[in-house]
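Please read the structure below before turning to the comments.
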Amino acid sequence: MTICPTMSRRTVLFWLLLSTAASVGWGYWIGYTKNAGFGDFRAVYFAARTAIAHQDPYNPTEFLQVYQREGGEIPTDPVRLRDFRRAITVCVNLPSTLLVVMPIALLGWLPAQLVWMVLMPAGFLLAAWLIWDLAEGRAPTITLFLLCLLVGNCQVLLQLGNASGMSVVLGVIAVWCFLRERYIPAGILCMTLALAIKPQEVAFIWLYLVLAGGALRRRAWQTLIVTLILVAVSIAWVSHVSPNWLAEWHANAASTTVHGDLNDPGPTSIGNTKVGMIISLQSVLSFFEDDPAIYNPLTWLMVGIPILIWAVIAVRSRPSRQYTWLGIASISALSLLPVYHRQYDAKLLFLCIPALAVLWGEGSRLRKPAILVTTAGILLTADVPLAIFNLINKALHLPQDELAGKLAAILLTRTPTLALGAMGAFYLWAYIRCAWAALSEERNMPALVTGANVTSCLFEVGE
């Protein structure tokens, strides 16, 4: 095993605090100067307020009545007014999300906003601290650098107040609780809330717990029971004020994904031209054929096969620290590609850092490629680099009717998708190598297989 220099917890906490403060200062300042902060939180907050007022949150007219009655401001600028009508008054949040936010929505707008402004950066700081703990001091310098890079590039999430950030934080806390086997009830609650807020964010992490077996599978089933109870309560609550909520929610979601609209993954989407763009694979494939009937099946084919391979390995591999982190790292990147995700959802890459630390700390022959791929992946999904790439793309005025222009635009504006694909492929490859070596050793030397033999393909003593 490679011996890594230690780093004091005080030093780690100082740099994490400094990085978090940079995100807080920059993100909230942008929102304040543009008078457009917390747009995403505003949407879910007033949707919950609408349900509390016994009106239909999925009906834009009733939503707007509550919004105006409680002093919500409607933009006068045409561009901002268009975004307001598409992103705020058209509710696409699930009833479970509204129920989770309801305790905060019982407060007035200003105190609720203040609570959310404190919870989000505090959550990112805690998530980074727990990931550091899971890395167990391996590769301390690169681990701290990547954590600072992640928490120092949360400006868009903090500016918008998007609940995706809370879902990631809660998912990280749950993983820490389950793997450390500490505060299990808190871990179950956190995973439940994460699934309730943004199921697409952590659903594949939950699936890994099911496939991994043992104690992790028990935690997954316990989480599912609590989640189903919460979902049932939320549906009963919302159905009381919105009997047709499912049809209305589906209509709202469909209306925002029509060609060129806010959640359309295509290159002409009004919500896909700046930091915070859609990062699912559809956003790349649509440059070549902007037709969902083509890019949706192709996306599921290209990503579904790797995810299926990942699932088979997760079921067949024996429990170990190496297997667990390789499995979580690969699905953390791959799960962001097939379904709707935006750039700030890539904070889920928190869960790739312990895999890198294990590869380095155990002297794996893949430790240097792991550092290169993971650093590039986190850097190319970060807010500041993407803002720079978008400025360059706008300045170049690349022609979209030529292949060269499309490729250049993809390289400049869809770097998160490309980076996630590379990270997912790398960690899946490492996962496959480890599983294949374990299977070979079990066949050849069944009586001599040990934990060290099983992982000899990846974990060799470094020089």
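By convention here, the chains of the structure tokens are called A, B, ... in the order presented, each chain's residues are numbered starting at 1, and ligands are numbered starting at 1 in the order presented.
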
Just asking: which residues within stretch 148-380 of chain A are helix (DSSP H, G or I) according to DSSP, as a count of residues only?
169

Shell around A:Gly377 at 8 Å using only C-alpha atoms, local window under 3 positions removed, as number ranges by chain:
A: 373-374, 380-381, 416, 419-420, 422-423

Find, counting only C-alpha atoms, the residue in A:Phe287, A:Tyr431, A:Tyr67, A:Phe124 that gets nearest to A:Arg414.
A:Phe287

Per residue of stretch 141-166 of chain A within 12 Å of stretch 26-38 of chain A, record the nearest atom pair and its distance in Å to one decimal, counting only C-alpha atoms, with rows in chain order and ascending residue number, as CSV.
```
residue,atom,partner,partner_atom,distance
A:Val151,CA,A:Gly27,CA,11.7
A:Gly152,CA,A:Trp26,CA,9.6
A:Asn153,CA,A:Gly27,CA,9.0
A:Cys154,CA,A:Gly27,CA,7.3
A:Gln155,CA,A:Gly27,CA,4.0
A:Val156,CA,A:Gly27,CA,6.3
A:Leu157,CA,A:Gly27,CA,7.8
A:Leu158,CA,A:Gly27,CA,5.5
A:Gln159,CA,A:Gly27,CA,4.9
A:Leu160,CA,A:Phe38,CA,4.1
A:Gly161,CA,A:Phe38,CA,4.7
A:Asn162,CA,A:Phe38,CA,7.5
A:Ala163,CA,A:Phe38,CA,10.3
```

In terms of only C-alpha atoms, the residue from A:Gly123, A:Gly25, A:Pro297, A:Gly72 at minimal distance from A:Ala43 is A:Gly72

With only C-alpha atoms as the basis for distance, which of A:Trp436, A:Phe178, A:Trp429, A:Trp325 is at the shortest distance from A:Cys352?
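The shortest atom-to-atom distance to A:Cys352 comes from A:Trp325.
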
Could you name the residues that touch stretch 229-239 of chain A at 6 Å or less, counting only C-alpha atoms, but leaving out those on the same chain fewer than 3 positions away, as a ChimeraX atom specification?
/A:95-96,99,226,242-243

Written selection (C-alpha atoms) as a compact mmCIF listing (two decimals), in the first residue's frame:
```
# COMPACT_ATOMS: atom_id res chain seq x y z
CA PRO A 95 -45.75 16.11 -4.77
CA SER A 96 -43.01 14.51 -2.64
CA LEU A 99 -44.05 17.90 0.96
CA VAL A 226 -39.95 4.96 4.33
CA SER A 242 -55.42 18.88 -7.17
CA PRO A 243 -57.37 15.71 -8.00
```

Compare A:Ala404, A:Val169, A:Val241, A:Ala53 by their minimum atom-to-atom distance to A:Ala127, counting only C-alpha atoms, and give me the closest one.
A:Val169

Would you kindly return, as a PDB file with C-alpha atoms, in the first residue's frame, each protein, DNA or RNA residue with an atom no farther than 10 Å from any atom of A:Trp15, considering only C-alpha atoms and excluding same-chain residues fewer than 3 positions away?
```
ATOM      1  CA  ARG A  10      -7.818  21.899  10.597  1.00  0.00           C
ATOM      2  CA  THR A  11      -6.063  22.506   7.272  1.00  0.00           C
ATOM      3  CA  VAL A  12      -8.725  20.579   5.384  1.00  0.00           C
ATOM      4  CA  LEU A  18     -12.614  29.155   1.994  1.00  0.00           C
ATOM      5  CA  SER A  19     -13.914  27.393  -1.138  1.00  0.00           C
ATOM      6  CA  THR A  20     -17.475  27.384   0.181  1.00  0.00           C
ATOM      7  CA  ALA A  21     -17.222  31.077   1.020  1.00  0.00           C
ATOM      8  CA  LEU A 144      -8.648  18.152  -1.037  1.00  0.00           C
ATOM      9  CA  PHE A 145      -8.070  19.896  -4.378  1.00  0.00           C
ATOM     10  CA  LEU A 147     -13.286  18.791  -3.030  1.00  0.00           C
ATOM     11  CA  CYS A 148     -12.368  22.481  -3.084  1.00  0.00           C
ATOM     12  CA  GLY A 152     -15.896  26.346  -4.947  1.00  0.00           C
TER      13      GLY A 152
END
```

Just want the 10 Å neighbourhood of A:Leu119, counted on only C-alpha atoms, with same-chain residues fewer than 6 positions away dropped. Output as a short mmCIF file (atom, residue, chain, number, x, y, z; two decimals) with C-alpha atoms, in the first residue's frame.
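Written out: part-v7.cif:
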```cif
data_model
loop_
_atom_site.label_atom_id
_atom_site.label_comp_id
_atom_site.auth_asym_id
_atom_site.auth_seq_id
_atom_site.Cartn_x
_atom_site.Cartn_y
_atom_site.Cartn_z
CA GLN A 113 -35.19 32.23 1.69
CA LEU A 125 -19.48 21.90 3.33
CA GLY A 165 -28.05 20.56 -4.41
CA MET A 166 -29.90 19.37 -1.33
#
```

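Residue nearest A:Gly361 within the list A:Ala135, A:Leu16, A:Ile294, A:Met120: A:Ala135 [criterion: smallest interatomic distance, only C-alpha atoms].
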
Atom CA of A:Cys177 to atom CA of A:Leu130: how many Å, to one decimal?
9.5 Å

For atom CA of A:Leu411 and atom CA of A:Gly271, determine how far apart the two atoms are, in Å to one decimal place.
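We find that atom CA of A:Leu411 and atom CA of A:Gly271 lie 18.3 Å from each other.
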
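Atom CA of A:His250 is positioned 24.9 Å from atom CA of A:Val284.
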
Near stretch 335-347 of chain A, 10 Å: stretch 213-276 of chain A residue rows, closest pairs, only C-alpha atoms, as a tab-separated table:
```
residue	atom	partner	partner_atom	distance
A:Asn263	CA	A:Tyr340	CA	8.2
A:Asp264	CA	A:Tyr340	CA	9.3
A:Pro265	CA	A:Tyr340	CA	8.2
A:Gly271	CA	A:Arg342	CA	9.9
A:Asn272	CA	A:Arg342	CA	9.0
A:Lys274	CA	A:Gln343	CA	9.8
A:Val275	CA	A:Gln343	CA	7.1
A:Gly276	CA	A:Gln343	CA	4.8
```

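The shortest atom-to-atom distance to A:Phe350, with only C-alpha atoms taken into account, belongs to A:Ala329 out of A:Ala395, A:Leu13, A:Ala329, A:Leu94.
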